[in-house]
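Notes for the one structure printed next.
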Amino acid sequence: MFRHDNLTVNDRNHLVIGGCDCVDLAAQYGTPLYVMDEDVIRSNARAYKNAIDKYYGGNGMALYASKALSVMYMYKIVAEEGLGVDVVSGGELYTALKAGFNPENIYFHGNNKTTDELNFALDEGVGRIVVDNYDELSELNTLCISKGKVAKILFRIKPGIDAHTHEFISTGQIDSKFGVTLENGEALDIIKTASQMEGVEVVGVHCHIGSQIFELAPFEEAARVMLGFVAEVKSKLGIEISELNLGGGFGIRYVEGDAPIAYDSYIEAVSRVVKSICEEKGLKLPRILMEPGRSIVGDAGITLYTIGMVKDIPGVRKYVSVDGGMADNPRYIMYDAEYDGVLANRAGDRPEETVTLCGRCCESGDILIKNAHLPSAKKGDIMCIMSTGAYNYSMASNYNRIPRPALVMVSGGKSKLAVKRETYEDIVRNDII
Ligand code: LLP
């Protein structure tokens, strides 16, 4: 009945996730509440892992792009499922290490890693550093020499591919702060420079062409362009690139009309292209890496809220407010993102009206769903928004000094707290008067 297969309705007419009644979850943990279905996360992770085994002989690894949801429990799950991770900051790296994640399987990204972060990564033995630019390369080389280490690096390359996605989250094109450019020879030149350095060893190339993409073609094209470059590096510099990292960006279902394709089909398509080009150009098959973030956690998560004030402005619109909003989910205000929702305590009831579901921040754009089709909602109802597992908790803020919600994991009818709800004391913890 829902577009989200893991959600059902029980005989109390309540929404159920992972065998847990959402109304009970709201009562036990309070609202707003992030709820993650652990089985869905694991099955998403397995889809990528199994596809690399099946279509590419296991010669690669899926890396969970942990910016989508960086909490210790997630690093534990993905380690158990045999994935590596991509981290983009000292904070994500710290969280992964604190959760016991093997540093060898961590890829460290970022266009402006600080000196402290580079030192941290080197001292902890992070497996790969994805170098973004000349300044970083030169600093990394100096740090490595001073520590008597050699860092294994990949370069972030702009393959110049427009993946037809939201302007803010397309990163493959040339006008981007990320990476070095192929067309003007910069990418070749930086690899040549690195090959003469003592502190780094070039093992791979990386690209990331955007996010929330529903097509195979841009990934196939990225693989083609990147392997063309790998061949050029071999012929002009005599260097064999052994790792090809094609980034993330696989789309998920938020609302009707979103048409995600099976996650393993991306790996299948890319594997086919890589194998055929390598054969054609006489290249050794590289290890392949892909970095799904949203598609590991996005559809596994929901957010539960309690409905508060309802304001009907005749002839204009009806505002239905919840006890959260842009502080726990800033994606509408940032990207006009769309979501589906349902009243969790009357989950089987038919929609009766179209309302605007808004939050409680002092900001007119603090909206969660612009046109929500709901049964007539009243104070105390429990609202559920679907597909909030990615880029919600990880982008949450304390705007208006609102404490961040708790996050619970559910599976087989059991729930457990993975992140505690913040308190007012947490909010003032670092203030000094
Ligand atoms: N790898 C790299 C280098 C990336 O920059 C990203 C996402 C990923 C992997 C994972 O992409 P995914 O599979 O999650 O699409 N805050 C935005 C999304 C920003 C994505 C940034 N980079 C949103 O809420 O839609």
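Chain identifiers are assigned as A, B, and so on, following the order in which chains appear in the structure tokens; residues are numbered from 1 within each chain, and ligands are numbered from 1 in order of appearance.
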Would you list, as a list in words, the residues of range 269-428 of chain A that end up in alpha helix (DSSP H) under DSSP run on this structure's backbone?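 Put together, the selection reads Ala269, Val270, Ser271, Arg272, Val273, Val274, Lys275, Ser276, Ile277, Cys278, Glu279, Glu280, Lys281, Arg294, Ser295, Ile296, Val297, Arg331, Tyr332, Ile333, Met334, Tyr335, Tyr424, Glu425, Asp426, Ile427 and Val428 of chain A.
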Neighbours of ligand 1 at 8 Å or closer, counting only C-alpha atoms and all ligand atoms: which residues, as a short mmCIF file (atom, residue, chain, number, x, y, z; two decimals) with all heavy atoms, in the first residue's frame?
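Written output follows (pocket37.cif):
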```cif
data_model
loop_
_atom_site.label_atom_id
_atom_site.label_comp_id
_atom_site.auth_asym_id
_atom_site.auth_seq_id
_atom_site.Cartn_x
_atom_site.Cartn_y
_atom_site.Cartn_z
N TYR A 64 30.73 2.78 1.63
CA TYR A 64 29.56 3.55 2.05
C TYR A 64 29.99 5.02 2.21
O TYR A 64 30.92 5.31 2.98
CB TYR A 64 29.03 2.97 3.38
CG TYR A 64 28.06 3.88 4.10
CD1 TYR A 64 26.90 4.32 3.47
CD2 TYR A 64 28.30 4.30 5.41
CE1 TYR A 64 26.02 5.16 4.13
CE2 TYR A 64 27.42 5.13 6.08
CZ TYR A 64 26.28 5.56 5.42
OH TYR A 64 25.40 6.41 6.06
N ALA A 65 29.33 5.91 1.49
CA ALA A 65 29.64 7.35 1.60
C ALA A 65 28.99 7.85 2.88
O ALA A 65 27.80 8.18 2.92
CB ALA A 65 29.11 8.09 0.38
N SER A 66 29.78 7.92 3.92
CA SER A 66 29.18 8.05 5.25
C SER A 66 28.65 9.44 5.54
O SER A 66 27.98 9.64 6.56
CB SER A 66 30.17 7.60 6.33
OG SER A 66 31.32 8.39 6.33
N LYS A 67 28.87 10.41 4.65
CA LYS A 67 28.24 11.72 4.86
C LYS A 67 26.72 11.60 4.89
O LYS A 67 26.05 12.44 5.45
CB LYS A 67 28.68 12.71 3.77
CG LYS A 67 28.05 12.48 2.41
CD LYS A 67 28.93 12.97 1.28
CE LYS A 67 30.04 11.95 1.09
NZ LYS A 67 31.00 12.31 0.04
N ALA A 68 26.18 10.55 4.27
CA ALA A 68 24.73 10.38 4.23
C ALA A 68 24.16 10.16 5.63
O ALA A 68 23.07 10.65 5.96
CB ALA A 68 24.36 9.21 3.32
N ASP A 86 33.73 5.89 2.81
CA ASP A 86 34.34 7.16 2.41
C ASP A 86 34.01 8.16 3.50
O ASP A 86 32.89 8.21 3.99
CB ASP A 86 33.82 7.50 0.99
CG ASP A 86 33.14 8.84 0.77
OD1 ASP A 86 33.31 9.77 1.56
OD2 ASP A 86 32.43 8.94 -0.24
N HIS A 109 38.22 11.69 1.59
CA HIS A 109 37.93 12.68 0.56
C HIS A 109 37.95 14.09 1.12
O HIS A 109 37.93 14.28 2.33
CB HIS A 109 36.50 12.48 0.05
CG HIS A 109 36.35 11.37 -0.93
ND1 HIS A 109 36.64 11.52 -2.25
CD2 HIS A 109 35.91 10.11 -0.79
CE1 HIS A 109 36.39 10.39 -2.89
NE2 HIS A 109 35.95 9.51 -2.02
N GLY A 110 37.80 15.05 0.23
CA GLY A 110 37.60 16.44 0.65
C GLY A 110 38.44 17.37 -0.20
O GLY A 110 39.57 17.05 -0.56
N ILE A 169 23.98 19.73 -6.70
CA ILE A 169 24.61 18.46 -6.38
C ILE A 169 25.19 17.74 -7.60
O ILE A 169 25.45 16.57 -7.56
CB ILE A 169 23.68 17.54 -5.54
CG1 ILE A 169 22.32 17.38 -6.19
CG2 ILE A 169 23.53 18.04 -4.14
CD1 ILE A 169 21.35 16.52 -5.39
N THR A 171 28.51 17.42 -9.61
CA THR A 171 29.89 17.78 -9.32
C THR A 171 30.86 17.32 -10.39
O THR A 171 32.05 17.53 -10.28
CB THR A 171 30.32 17.18 -7.98
OG1 THR A 171 29.96 15.81 -8.00
CG2 THR A 171 29.65 17.87 -6.82
N CYS A 207 36.15 9.67 -9.62
CA CYS A 207 35.25 10.74 -10.04
C CYS A 207 33.90 10.52 -9.37
O CYS A 207 33.59 9.42 -8.90
CB CYS A 207 35.08 10.78 -11.56
SG CYS A 207 34.19 9.39 -12.24
N HIS A 208 33.16 11.58 -9.25
CA HIS A 208 31.80 11.50 -8.69
C HIS A 208 30.97 12.45 -9.51
O HIS A 208 31.23 13.64 -9.54
CB HIS A 208 31.82 11.91 -7.21
CG HIS A 208 30.45 12.04 -6.62
ND1 HIS A 208 29.69 10.95 -6.28
CD2 HIS A 208 29.71 13.13 -6.32
CE1 HIS A 208 28.53 11.35 -5.78
NE2 HIS A 208 28.52 12.68 -5.79
N GLY A 210 27.59 13.19 -9.53
CA GLY A 210 26.37 13.84 -9.06
C GLY A 210 25.61 12.94 -8.12
O GLY A 210 26.15 11.93 -7.66
N SER A 211 24.38 13.32 -7.81
CA SER A 211 23.62 12.58 -6.82
C SER A 211 22.18 12.42 -7.25
O SER A 211 21.68 13.20 -8.07
CB SER A 211 23.69 13.35 -5.50
OG SER A 211 23.57 12.49 -4.40
N GLN A 212 21.51 11.40 -6.71
CA GLN A 212 20.10 11.15 -7.04
C GLN A 212 19.91 10.99 -8.55
O GLN A 212 19.04 11.60 -9.17
CB GLN A 212 19.22 12.27 -6.43
CG GLN A 212 17.71 12.08 -6.51
CD GLN A 212 17.17 10.85 -5.77
OE1 GLN A 212 17.89 10.04 -5.24
NE2 GLN A 212 15.88 10.68 -5.78
N ILE A 213 20.74 10.11 -9.14
CA ILE A 213 20.72 9.84 -10.58
C ILE A 213 19.96 8.52 -10.80
O ILE A 213 20.16 7.56 -10.05
CB ILE A 213 22.17 9.72 -11.13
CG1 ILE A 213 22.93 11.03 -10.86
CG2 ILE A 213 22.18 9.36 -12.61
CD1 ILE A 213 24.42 10.92 -11.05
N GLY A 247 32.68 6.77 -7.65
CA GLY A 247 31.83 7.60 -6.81
C GLY A 247 30.46 7.01 -6.53
O GLY A 247 30.21 5.82 -6.73
N GLY A 248 29.55 7.89 -6.09
CA GLY A 248 28.20 7.44 -5.74
C GLY A 248 27.17 8.16 -6.59
O GLY A 248 27.46 8.55 -7.72
N GLY A 249 25.97 8.31 -6.06
CA GLY A 249 24.96 9.10 -6.76
C GLY A 249 23.73 8.34 -7.21
O GLY A 249 22.91 8.87 -7.98
N PHE A 250 23.56 7.10 -6.76
CA PHE A 250 22.46 6.27 -7.23
C PHE A 250 21.14 6.70 -6.57
O PHE A 250 21.05 6.78 -5.35
CB PHE A 250 22.78 4.80 -6.96
CG PHE A 250 24.23 4.51 -7.26
CD1 PHE A 250 25.14 4.29 -6.24
CD2 PHE A 250 24.68 4.55 -8.57
CE1 PHE A 250 26.48 4.08 -6.52
CE2 PHE A 250 26.03 4.36 -8.86
CZ PHE A 250 26.93 4.12 -7.83
N GLY A 251 20.14 6.94 -7.42
CA GLY A 251 18.90 7.55 -6.95
C GLY A 251 18.00 6.62 -6.15
O GLY A 251 18.01 5.41 -6.34
N MET A 290 32.92 1.83 -5.69
CA MET A 290 31.79 2.74 -5.87
C MET A 290 31.37 3.22 -4.50
O MET A 290 31.60 2.52 -3.50
CB MET A 290 30.65 2.05 -6.59
CG MET A 290 31.00 1.81 -8.05
SD MET A 290 29.58 1.34 -9.01
CE MET A 290 29.50 2.62 -10.22
N GLU A 291 30.80 4.41 -4.44
CA GLU A 291 30.55 5.05 -3.15
C GLU A 291 29.10 5.41 -2.92
O GLU A 291 28.75 6.58 -2.87
CB GLU A 291 31.40 6.32 -3.05
CG GLU A 291 32.88 6.06 -3.15
CD GLU A 291 33.71 7.32 -3.25
OE1 GLU A 291 33.19 8.35 -3.73
OE2 GLU A 291 34.88 7.28 -2.84
N PRO A 292 28.23 4.43 -2.78
CA PRO A 292 26.82 4.76 -2.51
C PRO A 292 26.63 5.30 -1.10
O PRO A 292 27.15 4.75 -0.14
CB PRO A 292 26.13 3.39 -2.65
CG PRO A 292 27.18 2.39 -2.32
CD PRO A 292 28.48 2.97 -2.80
N GLY A 293 25.90 6.38 -1.00
CA GLY A 293 25.57 6.93 0.32
C GLY A 293 24.07 6.86 0.52
O GLY A 293 23.52 6.03 1.25
N ARG A 294 23.37 7.75 -0.22
CA ARG A 294 21.91 7.85 -0.13
C ARG A 294 21.23 6.50 -0.30
O ARG A 294 20.30 6.16 0.43
CB ARG A 294 21.43 8.81 -1.23
CG ARG A 294 19.97 9.19 -1.16
CD ARG A 294 19.55 9.92 -2.44
NE ARG A 294 20.48 10.95 -2.85
CZ ARG A 294 20.41 12.22 -2.48
NH1 ARG A 294 19.43 12.64 -1.70
NH2 ARG A 294 21.30 13.10 -2.90
N SER A 295 21.71 5.71 -1.28
CA SER A 295 21.00 4.46 -1.59
C SER A 295 21.26 3.36 -0.57
O SER A 295 20.62 2.32 -0.62
CB SER A 295 21.37 3.99 -3.00
OG SER A 295 22.78 3.88 -3.12
N ILE A 296 22.18 3.57 0.38
CA ILE A 296 22.34 2.60 1.47
C ILE A 296 21.34 2.90 2.59
O ILE A 296 20.73 2.00 3.16
CB ILE A 296 23.78 2.63 2.05
CG1 ILE A 296 24.83 2.32 0.97
CG2 ILE A 296 23.91 1.69 3.25
CD1 ILE A 296 25.08 0.89 0.65
N ARG A 331 16.26 19.67 3.86
CA ARG A 331 16.35 19.39 2.42
C ARG A 331 15.31 20.14 1.59
O ARG A 331 15.54 20.41 0.43
CB ARG A 331 16.33 17.88 2.15
CG ARG A 331 17.57 17.18 2.72
CD ARG A 331 17.76 15.75 2.23
NE ARG A 331 18.16 15.70 0.84
CZ ARG A 331 17.37 15.42 -0.17
NH1 ARG A 331 16.10 15.13 0.05
NH2 ARG A 331 17.83 15.40 -1.39
N TYR A 335 17.00 22.37 -1.13
CA TYR A 335 16.92 21.86 -2.52
C TYR A 335 15.50 21.75 -3.05
O TYR A 335 15.29 21.09 -4.07
CB TYR A 335 17.50 20.43 -2.60
CG TYR A 335 18.78 20.17 -1.86
CD1 TYR A 335 18.83 19.26 -0.81
CD2 TYR A 335 19.96 20.81 -2.23
CE1 TYR A 335 20.02 18.98 -0.15
CE2 TYR A 335 21.15 20.55 -1.57
CZ TYR A 335 21.17 19.63 -0.53
OH TYR A 335 22.34 19.37 0.12
N ALA A 337 13.41 19.84 -1.90
CA ALA A 337 13.25 18.38 -1.92
C ALA A 337 11.82 17.99 -1.59
O ALA A 337 11.14 18.66 -0.80
CB ALA A 337 14.20 17.74 -0.92
N ALA A 390 18.82 9.39 4.62
CA ALA A 390 20.07 10.00 4.15
C ALA A 390 19.98 11.52 4.23
O ALA A 390 18.94 12.11 3.93
CB ALA A 390 20.33 9.60 2.70
N TYR A 391 21.07 12.15 4.60
CA TYR A 391 21.20 13.61 4.59
C TYR A 391 20.11 14.32 5.40
O TYR A 391 19.66 15.39 5.04
CB TYR A 391 21.23 14.14 3.14
CG TYR A 391 22.32 13.50 2.30
CD1 TYR A 391 22.03 12.66 1.24
CD2 TYR A 391 23.66 13.72 2.62
CE1 TYR A 391 23.05 12.05 0.49
CE2 TYR A 391 24.68 13.11 1.88
CZ TYR A 391 24.36 12.28 0.82
OH TYR A 391 25.36 11.69 0.09
N ASN A 392 19.64 13.68 6.44
CA ASN A 392 18.72 14.33 7.37
C ASN A 392 19.45 14.50 8.70
O ASN A 392 19.92 15.59 9.02
CB ASN A 392 17.45 13.52 7.56
CG ASN A 392 16.37 13.87 6.53
OD1 ASN A 392 15.23 14.11 6.87
ND2 ASN A 392 16.73 13.91 5.26
N MET A 395 22.67 16.25 8.27
CA MET A 395 22.66 17.68 7.98
C MET A 395 21.83 18.46 9.01
O MET A 395 21.56 19.65 8.81
CB MET A 395 22.10 17.93 6.57
CG MET A 395 22.92 17.24 5.49
SD MET A 395 22.93 18.03 3.88
CE MET A 395 21.26 18.35 3.60
#
```
From the list A:Pro351, A:Gly365, A:Gly91, A:Gly185, which residue is nearest Met334 in chain A when using only C-alpha atoms? A:Gly365
Name all residues at most 10 Å from range 8-16 of chain A (count only C-alpha atoms; drop same-chain ones fewer than 6 positions away) and give them as a list in words. Met1, Phe2, Cys22, Val23, Asp24, Leu25, Val342, Leu343, Ala344, Asn345, Arg346, Ala347, Gly348, Asp349, Ile382, Met383, Cys384 and Gly413 of chain A
Can I get the selection written as a PDB file, in the first residue's frame, with N, CA and C atoms?
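Dumped to selection_12.pdb:
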```pdb
ATOM      1  N   MET A   1       0.810  -1.216   0.000  1.00  0.00           N
ATOM      2  CA  MET A   1       0.000   0.000   0.000  1.00  0.00           C
ATOM      3  C   MET A   1       0.843   1.264   0.000  1.00  0.00           C
ATOM      4  N   PHE A   2       2.060   1.181   0.570  1.00  0.00           N
ATOM      5  CA  PHE A   2       2.936   2.343   0.481  1.00  0.00           C
ATOM      6  C   PHE A   2       3.966   2.112  -0.609  1.00  0.00           C
ATOM      7  N   CYS A  22       4.877   2.346  14.946  1.00  0.00           N
ATOM      8  CA  CYS A  22       5.453   3.705  14.989  1.00  0.00           C
ATOM      9  C   CYS A  22       4.870   4.560  16.109  1.00  0.00           C
ATOM     10  N   VAL A  23       3.599   4.316  16.455  1.00  0.00           N
ATOM     11  CA  VAL A  23       2.987   5.108  17.535  1.00  0.00           C
ATOM     12  C   VAL A  23       3.651   4.729  18.868  1.00  0.00           C
ATOM     13  N   ASP A  24       3.934   3.442  19.027  1.00  0.00           N
ATOM     14  CA  ASP A  24       4.641   3.003  20.237  1.00  0.00           C
ATOM     15  C   ASP A  24       6.056   3.570  20.282  1.00  0.00           C
ATOM     16  N   LEU A  25       6.709   3.592  19.124  1.00  0.00           N
ATOM     17  CA  LEU A  25       8.077   4.144  19.084  1.00  0.00           C
ATOM     18  C   LEU A  25       8.063   5.611  19.504  1.00  0.00           C
ATOM     19  N   VAL A 342       2.595  10.270   5.883  1.00  0.00           N
ATOM     20  CA  VAL A 342       1.373   9.574   6.266  1.00  0.00           C
ATOM     21  C   VAL A 342       1.160   9.804   7.757  1.00  0.00           C
ATOM     22  N   LEU A 343      -0.078   9.801   8.187  1.00  0.00           N
ATOM     23  CA  LEU A 343      -0.319   9.877   9.633  1.00  0.00           C
ATOM     24  C   LEU A 343      -0.099   8.472  10.199  1.00  0.00           C
ATOM     25  N   ALA A 344       0.880   8.339  11.079  1.00  0.00           N
ATOM     26  CA  ALA A 344       1.265   7.002  11.552  1.00  0.00           C
ATOM     27  C   ALA A 344       0.207   6.380  12.451  1.00  0.00           C
ATOM     28  N   ASN A 345      -0.610   7.207  13.114  1.00  0.00           N
ATOM     29  CA  ASN A 345      -1.630   6.654  14.011  1.00  0.00           C
ATOM     30  C   ASN A 345      -2.958   6.408  13.300  1.00  0.00           C
ATOM     31  N   ARG A 346      -3.039   6.808  12.016  1.00  0.00           N
ATOM     32  CA  ARG A 346      -4.239   6.520  11.214  1.00  0.00           C
ATOM     33  C   ARG A 346      -3.779   6.134   9.810  1.00  0.00           C
ATOM     34  N   ALA A 347      -2.852   5.180   9.794  1.00  0.00           N
ATOM     35  CA  ALA A 347      -2.078   4.932   8.574  1.00  0.00           C
ATOM     36  C   ALA A 347      -2.906   4.413   7.409  1.00  0.00           C
ATOM     37  N   GLY A 348      -4.031   3.771   7.708  1.00  0.00           N
ATOM     38  CA  GLY A 348      -4.847   3.227   6.622  1.00  0.00           C
ATOM     39  C   GLY A 348      -5.914   4.205   6.150  1.00  0.00           C
ATOM     40  N   ASP A 349      -6.067   5.358   6.830  1.00  0.00           N
ATOM     41  CA  ASP A 349      -7.122   6.308   6.451  1.00  0.00           C
ATOM     42  C   ASP A 349      -6.810   6.978   5.114  1.00  0.00           C
ATOM     43  N   ILE A 382       0.399  11.512  15.020  1.00  0.00           N
ATOM     44  CA  ILE A 382       1.817  11.236  14.755  1.00  0.00           C
ATOM     45  C   ILE A 382       2.025  11.230  13.245  1.00  0.00           C
ATOM     46  N   MET A 383       2.909  12.094  12.807  1.00  0.00           N
ATOM     47  CA  MET A 383       3.192  12.231  11.372  1.00  0.00           C
ATOM     48  C   MET A 383       4.466  11.466  11.036  1.00  0.00           C
ATOM     49  N   CYS A 384       4.415  10.750   9.935  1.00  0.00           N
ATOM     50  CA  CYS A 384       5.622  10.047   9.475  1.00  0.00           C
ATOM     51  C   CYS A 384       6.028  10.599   8.113  1.00  0.00           C
ATOM     52  N   GLY A 413      10.962  -6.432  15.022  1.00  0.00           N
ATOM     53  CA  GLY A 413      10.060  -6.044  16.111  1.00  0.00           C
ATOM     54  C   GLY A 413      10.779  -5.456  17.332  1.00  0.00           C
TER      55      GLY A 413
END
```
Output as a tab-separated table one row per residue of range 51-139 of chain A within 10 Å of range 232-245 of chain A: the closest atom pair and its distance in Å to one decimal place, counting only C-alpha atoms, sorted by chain and residue number ascending.
```
residue	atom	partner	partner_atom	distance
A:Asn59	CA	A:Glu243	CA	9.9
A:Gly60	CA	A:Glu243	CA	8.4
A:Met61	CA	A:Asn245	CA	9.4
A:Ala62	CA	A:Asn245	CA	9.5
A:Leu63	CA	A:Asn245	CA	9.5
A:Val130	CA	A:Asn245	CA	9.9
```
Would you pick out the contacts of Lys152 in chain A at 10 Å or less, using only C-alpha atoms, so that residues sharing its chain but fewer than 5 positions from it are not included, and give the list as a PyMOL selection string? chain A and resi 126-131+199-204
Would you return as a ChimeraX atom specification the members of range 129-328 of chain A that DSSP assigns to strand (DSSP E) on this structure's backbone? /A:129-131,151-158,180-181,200-206,243-245,287-290,301-313,317-322
Please identify all polymer residues within 9 Å of Thr95 in chain A, counting only C-alpha atoms, omitting same-chain residues fewer than 4 positions from it, and present them as a PyMOL selection string. chain A and resi 70-72+75+90-91+99-101
Counting only C-alpha atoms, which residue out of A:Tyr107, A:Tyr266, A:Tyr399, A:Tyr29 sits closest to Ala222 in chain A?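 The shortest atom-to-atom distance to Ala222 in chain A comes from A:Tyr266.
The protein and nucleic acid residues lying at most 12 Å from Lys414 in chain A are Val16, Ile17, Gly18, Gly19, Cys20, Asp21, Cys22, Asp24, Leu25, Val35, Met36, Asp37, Glu38, Asp39, Val408 and Met409 of chain A, with only C-alpha atoms considered and sequence neighbours fewer than 5 positions away removed.
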Create the file for the chosen residues now, containing C-alpha atoms and written as a JSON list (two decimals), in the first residue's frame.
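Output file out11.json follows:
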```
[["chain", "number", "residue", "atom", "x", "y", "z"],
["A", 16, "VAL", "CA", 4.78, -0.40, 11.24],
["A", 17, "ILE", "CA", 8.49, -0.35, 10.39],
["A", 18, "GLY", "CA", 10.87, -3.24, 11.06],
["A", 19, "GLY", "CA", 8.08, -4.97, 12.98],
["A", 20, "CYS", "CA", 7.71, -1.98, 15.36],
["A", 21, "ASP", "CA", 4.54, 0.09, 15.77],
["A", 22, "CYS", "CA", 5.45, 3.70, 14.99],
["A", 24, "ASP", "CA", 4.64, 3.00, 20.24],
["A", 25, "LEU", "CA", 8.08, 4.14, 19.08],
["A", 35, "VAL", "CA", 13.81, 5.57, 12.82],
["A", 36, "MET", "CA", 16.08, 3.38, 10.68],
["A", 37, "ASP", "CA", 15.19, -0.10, 9.45],
["A", 38, "GLU", "CA", 18.41, -2.04, 9.97],
["A", 39, "ASP", "CA", 17.36, -4.87, 7.64],
["A", 408, "VAL", "CA", 16.68, 4.41, 16.74],
["A", 409, "MET", "CA", 17.40, 1.26, 14.77]]
```
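For Lys379 in chain A, the non-local neighbours within 9 Å, defined as residues at least 4 positions apart in the same chain or in other chains and counting only C-alpha atoms, are A:Thr306, A:Ile307, A:Gly308, A:Met309, A:Val310, A:Val320, A:Ser321, A:Val322.
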Measuring atom to atom with only C-alpha atoms, identify which of A:Ala300, A:Ala96, A:Val410, A:Ala121 is nearest to Ile385 in chain A.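 The closest residue to Ile385 in chain A is A:Ala300.
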Tell me which of A:Asn184, A:Asn371, A:Asn50, A:Asn105 sits closest to Ile267 in chain A, counting only C-alpha atoms.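 Using only C-alpha atoms, the shortest distance to Ile267 in chain A belongs to A:Asn50.
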A:Arg317, A:Lys378, A:Arg421, A:Glu124: which is nearest Lys98 in chain A, counting only C-alpha atoms?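 Counting only C-alpha atoms, the residue closest to Lys98 in chain A is A:Glu124.
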Distance of CA of Val87 in chain A from CA of Asn102 in chain A, expressed in Å to one decimal place: 12.8 Å
